[in-house]
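Heads up, protein_22.cif below (mmCIF, C-alpha atoms):
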data_query
#
loop_
_atom_site.label_atom_id
_atom_site.label_comp_id
_atom_site.auth_asym_id
_atom_site.auth_seq_id
_atom_site.Cartn_x
_atom_site.Cartn_y
_atom_site.Cartn_z
CA MET A 1 0.00 0.00 0.00
CA LYS A 2 1.22 3.49 -0.83
CA ASN A 3 3.06 5.17 2.05
CA GLN A 4 0.87 8.27 2.07
CA LYS A 5 1.47 11.00 4.63
CA VAL A 6 -1.55 12.61 6.26
CA LYS A 7 -1.27 15.85 8.22
CA LEU A 8 -3.37 15.74 11.41
CA GLU A 9 -4.05 18.64 13.75
CA PHE A 10 -5.02 18.07 17.37
CA GLU A 11 -6.21 20.56 19.96
CA ILE A 12 -4.98 18.84 23.11
CA THR A 13 -6.18 19.60 26.64
CA SER A 14 -4.53 17.66 29.45
CA TYR A 15 -5.97 17.89 32.97
CA ASN A 16 -4.32 17.20 36.30
CA LEU A 17 -7.41 16.56 38.43
CA LYS A 18 -6.00 14.45 41.23
CA GLU A 19 -5.83 16.21 44.57
CA GLY A 20 -2.41 16.78 46.13
CA ASN A 21 -0.59 17.45 42.86
CA ASN A 22 0.07 21.12 43.53
CA ASP A 23 3.57 20.87 42.10
CA LEU A 24 2.07 20.11 38.68
CA PRO A 25 -0.03 22.37 36.41
CA SER A 26 -3.80 21.91 36.67
CA GLU A 27 -4.15 21.82 32.89
CA ILE A 28 -2.17 22.17 29.68
CA LYS A 29 -3.57 23.33 26.34
CA LEU A 30 -1.68 23.07 23.07
CA THR A 31 -2.03 22.55 19.33
CA TYR A 32 -0.15 19.59 17.88
CA ILE A 33 0.37 19.10 14.13
CA GLU A 34 2.23 16.20 12.52
CA GLU A 35 2.34 14.32 9.24
CA PHE A 36 1.60 10.68 10.04
CA ASP A 37 2.07 7.56 7.98
CA GLY A 38 -1.41 6.94 6.56
CA ASN A 39 -1.05 3.19 7.14
CA LEU A 40 -0.93 3.69 10.90
CA ASN A 41 -3.98 2.80 12.97
CA PHE A 42 -5.80 6.00 13.94
CA LEU A 43 -6.63 4.92 17.49
CA SER A 44 -3.04 3.78 18.10
CA VAL A 45 -1.84 7.26 17.14
CA VAL A 46 -4.39 8.89 19.46
CA ASN A 47 -3.38 6.60 22.33
CA LYS A 48 0.31 7.46 21.87
CA LEU A 49 -0.47 11.17 21.86
CA ALA A 50 -2.58 10.84 25.00
CA ASN A 51 0.27 9.03 26.75
CA ALA A 52 2.83 11.57 25.55
CA PHE A 53 0.89 14.66 26.65
CA ARG A 54 -0.76 13.46 29.85
CA ILE A 55 0.36 15.22 33.01
CA LYS A 56 2.54 12.62 34.70
CA ASN A 57 3.14 12.28 38.40
CA ALA A 58 4.60 9.70 40.74
CA HIS A 59 1.25 8.60 42.17
CA GLU A 60 -0.89 8.25 39.05
CA LYS A 61 0.19 5.64 36.51
CA GLN A 62 -3.09 5.38 34.60
CA TYR A 63 -4.94 7.91 32.52
CA ALA A 64 -8.08 8.35 30.45
CA TYR A 65 -8.80 10.29 27.30
CA TYR A 66 -11.59 10.99 24.88
CA LEU A 67 -12.00 12.55 21.46
CA GLU A 68 -14.32 15.46 22.14
CA ASN A 69 -17.18 15.82 19.64
CA ILE A 70 -15.38 13.47 17.26
CA TYR A 71 -18.52 12.39 15.41
CA GLN A 72 -19.72 15.97 15.02
CA ILE A 73 -16.31 16.92 13.63
CA LEU A 74 -16.16 14.05 11.16
CA TRP A 75 -19.71 14.47 9.82
CA SER A 76 -19.81 18.29 9.86
CA GLU A 77 -19.06 18.71 6.17
CA PHE A 78 -21.91 16.39 5.18
CA PHE A 79 -24.77 17.21 7.57
CA ASP A 80 -26.00 20.09 9.72
CA GLU A 81 -25.79 20.15 13.51
CA GLU A 82 -29.39 19.10 14.12
CA PHE A 83 -29.08 16.07 11.85
CA ILE A 84 -25.84 14.97 13.51
CA ASP A 85 -27.31 15.39 16.99
CA ASN A 86 -30.13 13.04 16.01
CA MET A 87 -27.62 10.57 14.59
CA ILE A 88 -25.58 10.32 17.77
CA LYS A 89 -28.43 10.65 20.28
CA ASN A 90 -28.64 6.92 20.97
CA ILE A 91 -25.01 5.89 20.59
CA ASP A 92 -22.10 5.80 23.00
CA THR A 93 -19.97 8.72 21.85
CA GLN A 94 -16.95 7.16 23.57
CA ASP A 95 -17.24 3.96 21.58
CA TYR A 96 -14.44 4.40 19.07
CA SER A 97 -14.65 0.94 17.51
CA LYS A 98 -15.65 2.46 14.16
CA LEU A 99 -12.45 4.53 14.26
CA ASP A 100 -10.27 1.43 14.65
CA VAL A 101 -9.00 1.75 11.08
CA THR A 102 -6.02 3.30 9.31
CA ILE A 103 -5.54 7.04 9.02
CA ASN A 104 -5.77 6.67 5.24
CA GLU A 105 -9.20 5.06 5.48
CA LEU A 106 -10.56 7.79 7.73
CA ASN A 107 -8.99 10.50 5.61
CA GLU A 108 -10.53 9.16 2.41
CA GLN A 109 -14.01 9.21 3.92
CA PHE A 110 -13.89 12.24 6.20
CA HIS A 111 -11.00 14.38 4.90
CA LEU A 112 -9.11 14.51 8.19
CA GLU A 113 -6.63 16.98 6.77
CA GLY A 114 -8.00 20.40 7.51
CA LYS A 115 -10.08 19.22 10.45
CA ARG A 116 -9.10 20.12 14.01
CA LEU A 117 -9.48 17.09 16.28
CA ALA A 118 -10.00 17.66 20.00
CA LEU A 119 -8.19 15.31 22.39
CA VAL A 120 -8.95 15.61 26.12
CA ILE A 121 -6.75 13.74 28.60
CA GLY A 122 -7.43 13.09 32.28
CA SER A 123 -5.00 12.11 35.01
CA GLU A 124 -7.01 9.11 36.16
CA ASN A 125 -8.30 5.93 34.56
CA SER A 126 -11.95 6.94 34.67
CA GLN A 127 -14.58 8.29 32.34
CA ILE A 128 -14.03 12.02 31.84
CA ASN A 129 -16.58 12.90 29.24
CA GLY A 130 -19.19 14.41 31.52
CA ILE A 131 -19.72 15.32 35.15
CA ARG A 132 -21.73 12.96 37.34
CA PHE A 133 -24.23 14.67 39.67
CA PHE A 134 -25.86 12.86 42.58
CA PHE A 135 -27.33 13.13 46.08
CA HIS A 136 -26.45 10.83 48.96
CA THR A 137 -29.49 8.85 50.10
CA LYS A 138 -31.37 10.45 52.99
CA GLU A 139 -28.65 13.07 53.49
CA HIS A 140 -31.36 15.76 53.82
CA LYS A 141 -31.83 14.63 57.43
CA HIS A 142 -28.22 15.36 58.41
CA SER A 143 -27.57 18.51 56.43
CA ALA A 144 -28.99 21.99 56.89
CA SER A 145 -27.97 23.24 53.47
CA PRO A 146 -29.30 21.75 50.20
CA HIS A 147 -26.38 20.61 48.09
CA ILE A 148 -25.47 18.28 45.26
CA HIS A 149 -22.37 16.16 44.74
CA CYS A 150 -20.48 16.21 41.46
CA LEU A 151 -17.82 13.73 40.37
CA TYR A 152 -15.31 14.32 37.59
CA CYS A 153 -12.33 12.09 36.84
CA GLY A 154 -12.50 10.47 40.27
CA VAL A 155 -12.57 13.80 42.12
CA GLU A 156 -15.73 14.61 44.11
CA LYS A 157 -16.90 18.15 44.93
CA ILE A 158 -20.07 19.59 46.49
CA ILE A 159 -22.13 22.55 45.25
CA ASP A 160 -24.47 24.47 47.54
CA LEU A 161 -27.83 24.64 45.77
CA LYS A 162 -28.76 27.99 47.32
CA THR A 163 -25.53 29.96 46.95
CA LEU A 164 -24.46 28.13 43.76
CA GLU A 165 -20.93 27.96 45.08
CA PHE A 166 -18.61 25.06 45.83
CA ILE A 167 -18.49 23.97 49.45
CA ASN A 168 -14.83 23.93 50.52
CA GLU A 169 -13.15 24.30 47.10
CA PRO A 170 -13.83 23.90 43.35
CA PHE A 171 -12.22 21.51 40.87
CA LYS A 172 -8.65 22.31 39.97
CA SER A 173 -9.76 22.93 36.39
CA ILE A 174 -11.45 26.33 36.07
CA TYR A 175 -13.33 25.13 32.98
CA THR A 176 -14.74 22.05 34.75
CA SER A 177 -15.75 24.11 37.79
CA ARG A 178 -17.52 26.67 35.62
CA LEU A 179 -19.32 23.93 33.67
CA ALA A 180 -20.57 22.27 36.86
CA ILE A 181 -21.80 25.57 38.33
CA ASN A 182 -23.53 26.53 35.07
CA LEU A 183 -25.40 23.23 34.89
CA VAL A 184 -26.53 23.38 38.52
CA THR A 185 -27.58 27.02 38.06
CA LYS A 186 -29.69 26.06 35.06
CA TYR A 187 -31.61 23.42 37.06
CA GLN A 188 -31.37 25.08 40.50
CA LYS A 189 -35.12 25.31 41.18
CA SER A 190 -35.80 21.70 40.13
CA LEU A 191 -32.88 20.39 42.19
CA ILE A 192 -33.99 22.27 45.31
CA ASP A 193 -37.56 21.02 44.82
CA TYR A 194 -36.21 17.49 44.57
CA TRP A 195 -34.17 18.00 47.73
CA ASP A 196 -37.16 19.35 49.67
CA ARG A 197 -39.80 16.91 48.44
CA VAL A 198 -37.94 13.64 47.84
CA LEU A 199 -34.92 13.57 50.10
CA THR A 200 -37.06 14.44 53.13
CA GLU A 201 -38.56 10.95 53.01
CA GLY A 202 -35.48 9.26 51.66
CA GLU A 203 -34.95 8.17 48.09
CA THR A 204 -36.32 4.93 46.71
CA VAL A 205 -34.66 5.38 43.33
CA GLU A 206 -31.47 7.38 43.76
CA PHE A 207 -30.88 10.52 41.70
CA ASP A 208 -27.75 9.96 39.61
CA VAL A 209 -27.15 11.66 36.28
CA THR A 210 -24.13 12.42 34.11
CA LEU A 211 -24.27 15.63 32.09
#

Can I see the file as structure tokens?
Amino acid sequence: MKNQKVKLEFEITSYNLKEGNNDLPSEIKLTYIEEFDGNLNFLSVVNKLANAFRIKNAHEKQYAYYLENIYQILWSEFFDEEFIDNMIKNIDTQDYSKLDVTINELNEQFHLEGKRLALVIGSENSQINGIRFFFHTKEHKHSASPHIHCLYCGVEKIIDLKTLEFINEPFKSIYTSRLAINLVTKYQKSLIDYWDRVLTEGETVEFDVTL
């Protein structure tokens, strides 16, 4: 097969989200461009980049990554945003099995050259595409202030539902903290109603959602 070179551009964001790593940066953002051998497996290349640019420390040997909005990026030249949203509504957007092909194959179908691919890397081996929000069962009875827990990359924080501020401290990533606060702000009234009406009696089906 012809040894074709394909230029790929990645916007890479690497997070250090584990507590106690104050000697390391909380996040790194960079643009990485390289001409790759088109016969290389696309996912193998992504995995090597994730390993190369993850924030390394002595305590964390594992890491997680995801290709942010990869399906939207690939299909954007063919369909509009609404159509793509309907396409991916019922699929696991972190299932990359369809991308387990050569760079040449992806480039021929989706014209990777000229597209900016977004690679997000976390410092723990856990799912990082989304923040998990939840209440502890029956915690209303032992807490005076309505609050919700949020979990991101293995790090748990608490947001006060009335003040819309983090209790104790926010996530190390400013972007993640802002995203969590914005989502809770958007649904503040509904979350407080849930706290007052459901948690008073104790939950039968626990509230647990990833956004």

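Taking atom CA of A:Leu151 and atom CA of A:Ala180 as the two end points, the separation is 9.6 Å.
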
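The two atoms in question, atom CA of A:Ile103 and atom CA of A:Gly38, are spaced 4.8 Å apart.
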
Could you list, as a PDB file with C-alpha atoms, in the frame of the given file, every residue matched by the PyMOL selection byres ((chain A and resi 42-56) around 6) in this structure?
ATOM      1  CA  SER A  14      -4.530  17.660  29.450  1.00  0.00           C
ATOM      2  CA  ASN A  41      -3.980   2.800  12.970  1.00  0.00           C
ATOM      3  CA  ASN A  57       3.140  12.280  38.400  1.00  0.00           C
ATOM      4  CA  ASP A 100     -10.270   1.430  14.650  1.00  0.00           C
ATOM      5  CA  THR A 102      -6.020   3.300   9.310  1.00  0.00           C
ATOM      6  CA  ILE A 103      -5.540   7.040   9.020  1.00  0.00           C
TER       7      ILE A 103
END

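Atom to atom, atom CA of A:Leu191 and atom CA of A:Phe171 stand 20.7 Å apart.
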
Do a neighbour search on A:Tyr65 at 6 Å with all atoms listed in the file, toss out local chain neighbours closer than 5 positions, and write the hits as number ranges by chain. A: 120-122

Pick from A:Glu9, A:Phe166, A:Gln4, A:Asn69, whichever lies nearest to A:Asp37 using only C-alpha atoms: A:Gln4

Residues near A:Phe78, anyone? I mean within 12 Å using only C-alpha atoms, not counting same-chain ones fewer than 6 positions away, as a ChimeraX atom specification. /A:71-72,84,109-111

Kindly indicate which residue among A:Glu77, A:Glu68, A:Glu34, A:Glu27 lies nearest to A:Leu119, using all atoms listed in the file for the distances. A:Glu68

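With all atoms listed in the file as the basis for measurement, A:Ser177 is the residue among A:Ser177, A:Leu106, A:Asn86, A:Glu11 that approaches A:Ile158 most closely.
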
Can you give me, as a PyMOL selection string, the residues this file yields under the PyMOL selection byres ((chain A and resi 113) around 6)? chain A and resi 7-8+111-112+114-115

Stretch 153-170 of chain A, all listed atoms, 3 Å padding on each side: what axis-aligned box centre and edge lengths in Å to one decimal come out, as lines of an AutoDock Vina configuration file?
center_x = -20.5
center_y = 20.2
center_z = 43.7
size_x = 22.4
size_y = 25.5
size_z = 19.7

Got a sec: who's within 9 Å of A:Gln188, counting only C-alpha atoms, leaving out chain neighbours fewer than 6 positions off, as a ChimeraX atom specification? /A:161-162,164

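Nearest residue to A:Ser190 among A:Glu165, A:Pro146, A:Ile28, A:Asp95 is A:Pro146, counting all atoms listed in the file.
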
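Nearest to A:Asn168 of all the residues A:Ile70, A:Lys29, A:Glu156, A:Asp80 is A:Glu156, based on all atoms listed in the file.
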
With distances taken over all atoms listed in the file, which residue among A:Thr185, A:Ile73, A:Ile159, A:Leu117 lies nearest A:Ile12? A:Leu117

Since fewer atoms than expected are present, regenerate N, CA and C atoms for stretch 62-75 of chain A and write them as an mmCIF file, in the coordinates of the input.
data_model
loop_
_atom_site.group_PDB
_atom_site.id
_atom_site.type_symbol
_atom_site.label_atom_id
_atom_site.label_comp_id
_atom_site.auth_asym_id
_atom_site.auth_seq_id
_atom_site.Cartn_x
_atom_site.Cartn_y
_atom_site.Cartn_z
ATOM 1 N N GLN A 62 -2.081 5.593 35.614
ATOM 2 C CA GLN A 62 -3.090 5.380 34.600
ATOM 3 C C GLN A 62 -3.685 6.713 34.162
ATOM 4 N N TYR A 63 -4.348 6.691 33.041
ATOM 5 C CA TYR A 63 -4.940 7.910 32.520
ATOM 6 C C TYR A 63 -6.125 7.545 31.639
ATOM 7 N N ALA A 64 -6.926 8.541 31.338
ATOM 8 C CA ALA A 64 -8.080 8.350 30.450
ATOM 9 C C ALA A 64 -8.093 9.487 29.437
ATOM 10 N N TYR A 65 -8.682 9.224 28.297
ATOM 11 C CA TYR A 65 -8.800 10.290 27.300
ATOM 12 C C TYR A 65 -10.067 10.086 26.497
ATOM 13 N N TYR A 66 -10.505 11.140 25.837
ATOM 14 C CA TYR A 66 -11.590 10.990 24.880
ATOM 15 C C TYR A 66 -11.425 11.999 23.756
ATOM 16 N N LEU A 67 -12.017 11.680 22.639
ATOM 17 C CA LEU A 67 -12.000 12.550 21.460
ATOM 18 C C LEU A 67 -13.280 13.376 21.488
ATOM 19 N N GLU A 68 -13.154 14.606 21.913
ATOM 20 C CA GLU A 68 -14.320 15.460 22.140
ATOM 21 C C GLU A 68 -15.028 15.790 20.826
ATOM 22 N N ASN A 69 -16.329 15.513 20.806
ATOM 23 C CA ASN A 69 -17.180 15.820 19.640
ATOM 24 C C ASN A 69 -16.645 15.215 18.348
ATOM 25 N N ILE A 70 -16.024 14.040 18.441
ATOM 26 C CA ILE A 70 -15.380 13.470 17.260
ATOM 27 C C ILE A 70 -16.369 13.197 16.127
ATOM 28 N N TYR A 71 -17.568 12.716 16.461
ATOM 29 C CA TYR A 71 -18.520 12.390 15.410
ATOM 30 C C TYR A 71 -19.085 13.662 14.763
ATOM 31 N N GLN A 72 -19.281 14.690 15.574
ATOM 32 C CA GLN A 72 -19.720 15.970 15.020
ATOM 33 C C GLN A 72 -18.667 16.526 14.063
ATOM 34 N N ILE A 73 -17.400 16.404 14.449
ATOM 35 C CA ILE A 73 -16.310 16.920 13.630
ATOM 36 C C ILE A 73 -16.220 16.174 12.299
ATOM 37 N N LEU A 74 -16.315 14.858 12.373
ATOM 38 C CA LEU A 74 -16.160 14.050 11.160
ATOM 39 C C LEU A 74 -17.313 14.256 10.180
ATOM 40 N N TRP A 75 -18.546 14.385 10.689
ATOM 41 C CA TRP A 75 -19.710 14.470 9.820
ATOM 42 C C TRP A 75 -20.095 15.911 9.462
#
